[in-house]
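J.: Before I ask anything, let me first share the structure, which is written out below as structure tokens.
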Amino acid sequence: MSMLSNLRSLFVSPLRMAGTAGTPGAGAASRAALDGRSFDGIVLKCGETSGDADTLSFKDGRFRSSACDPYGYGDGAYTATQSGEAIAFEAETESPQYGKLLWKGTVRGPRLDGTMTMVRDGQATGEKWVLAGEKR
């Protein structure tokens with residue numbers, strides 16, 4: 001192994017290593033950047049300017065949307081990948097009655113932007129936007 005390769009290995013970001021797919025604990029360091037954080041915001045139909053109030057929470061490796069509680073959606077595991085100042089996340093929550101919700105978003109500082117895709121019987125049935133700011 002060359003000296004340059006040895007030096008590169010010293011400077012590989014621990015967050016990048018933790019987020020490598022297929023490794024034990026993948027994403028754990030990036031999840032830690034979101035765990036314990038909550039965001040107040042709104043879930044709205046694409047293109048609309050009003051919607052439902054929501055609190056999105058990340059705790060102990062789990063994601064939860066308060067707006068979805070009345071519909072029987074529980075929390076779900078999430079993954080997160082940090083790239084510079086941005087943290088991309090994905091989660092899946094499920095309701096026995098209504099199916100799955102697939103969540104994808106990005107957190108930059110105190111701001112969360114994302115989408116929620118509704119899936120029933122394996123088919124996407126709709127998408128909504130999620131806009132939120134971190135609770136202080």
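Chain identifiers are assigned as A, B, and so on, following the order in which chains appear in the structure tokens; residues are numbered from 1 within each chain, and ligands are numbered from 1 in order of appearance.
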I'd like the neighbourhood of region 35-50 of chain A as a VMD selection string, where a residue qualifies if any of its atoms comes within 12 Å (using only C-alpha atoms), though same-chain residues fewer than 3 positions away should be ignored.
T.: chain A and resid 27 to 32 53 to 68 77 to 80 87 89 103 107 to 118 126 to 136
J.: In Å, with one decimal, what is the gap from CA of Leu34 (chain A) to CA of Gly99 (chain A)?
T.: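 One can read the CA of Leu34 (chain A) to CA of Gly99 (chain A) distance as 25.5 Å.
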J.: Which is closest to Ser83 (chain A) among A:Val119, A:Asp69, A:Thr106, A:Gln97, if we use only C-alpha atoms?
T.: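 Closest residue, counting only C-alpha atoms: A:Thr106.
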J.: Just checking: using only C-alpha atoms, which residue out of A:Pro96, A:Asp121, A:Gly51, A:Ala91 ends up closest to Gly72 (chain A)?
T.: A:Pro96
J.: I'd like the neighbourhood of Tyr98 (chain A) as a VMD selection string, where a residue qualifies if any of its atoms comes within 8 Å (using only C-alpha atoms), though same-chain residues fewer than 3 positions away should be ignored.
T.: chain A and resid 71 94 to 95 120
J.: Could the residues in this selection be saved with N, CA and C atoms as a PDB file, in the first residue's frame?
T.:
```pdb
ATOM      1  N   TYR A  71     -54.586   8.018  12.240  1.00  0.00           N
ATOM      2  CA  TYR A  71     -54.874   7.038  11.188  1.00  0.00           C
ATOM      3  C   TYR A  71     -54.221   5.692  11.465  1.00  0.00           C
ATOM      4  N   GLU A  94     -46.376   2.451   8.899  1.00  0.00           N
ATOM      5  CA  GLU A  94     -47.452   1.607   8.383  1.00  0.00           C
ATOM      6  C   GLU A  94     -48.685   1.667   9.275  1.00  0.00           C
ATOM      7  N   SER A  95     -49.837   1.616   8.626  1.00  0.00           N
ATOM      8  CA  SER A  95     -51.134   1.541   9.293  1.00  0.00           C
ATOM      9  C   SER A  95     -51.820   0.268   8.813  1.00  0.00           C
ATOM     10  N   ARG A 120     -50.513   1.733  -1.147  1.00  0.00           N
ATOM     11  CA  ARG A 120     -51.546   0.769  -0.749  1.00  0.00           C
ATOM     12  C   ARG A 120     -51.506  -0.394  -1.727  1.00  0.00           C
TER      13      ARG A 120
END
```
J.: From the DSSP assignment of the backbone, select every residue of region 14-133 of chain A that is strand (DSSP E or B), and format the answer as a ChimeraX atom specification.
T.: /A:38-45,52-59,62-65,76-83,86-95,99-108,111-120,123-133
J.: Restricting the calculation to only C-alpha atoms: of A:Thr93, A:Lys100, A:Ala88, A:Gly76, which residue gets closest to Gly122 (chain A)?
T.: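 That would be A:Lys100, the residue with the smallest distance to Gly122 (chain A).
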J.: What does the distance from CA of Ala124 (chain A) to CA of Thr81 (chain A) come to in Å, to one decimal?
T.: 24.3 Å
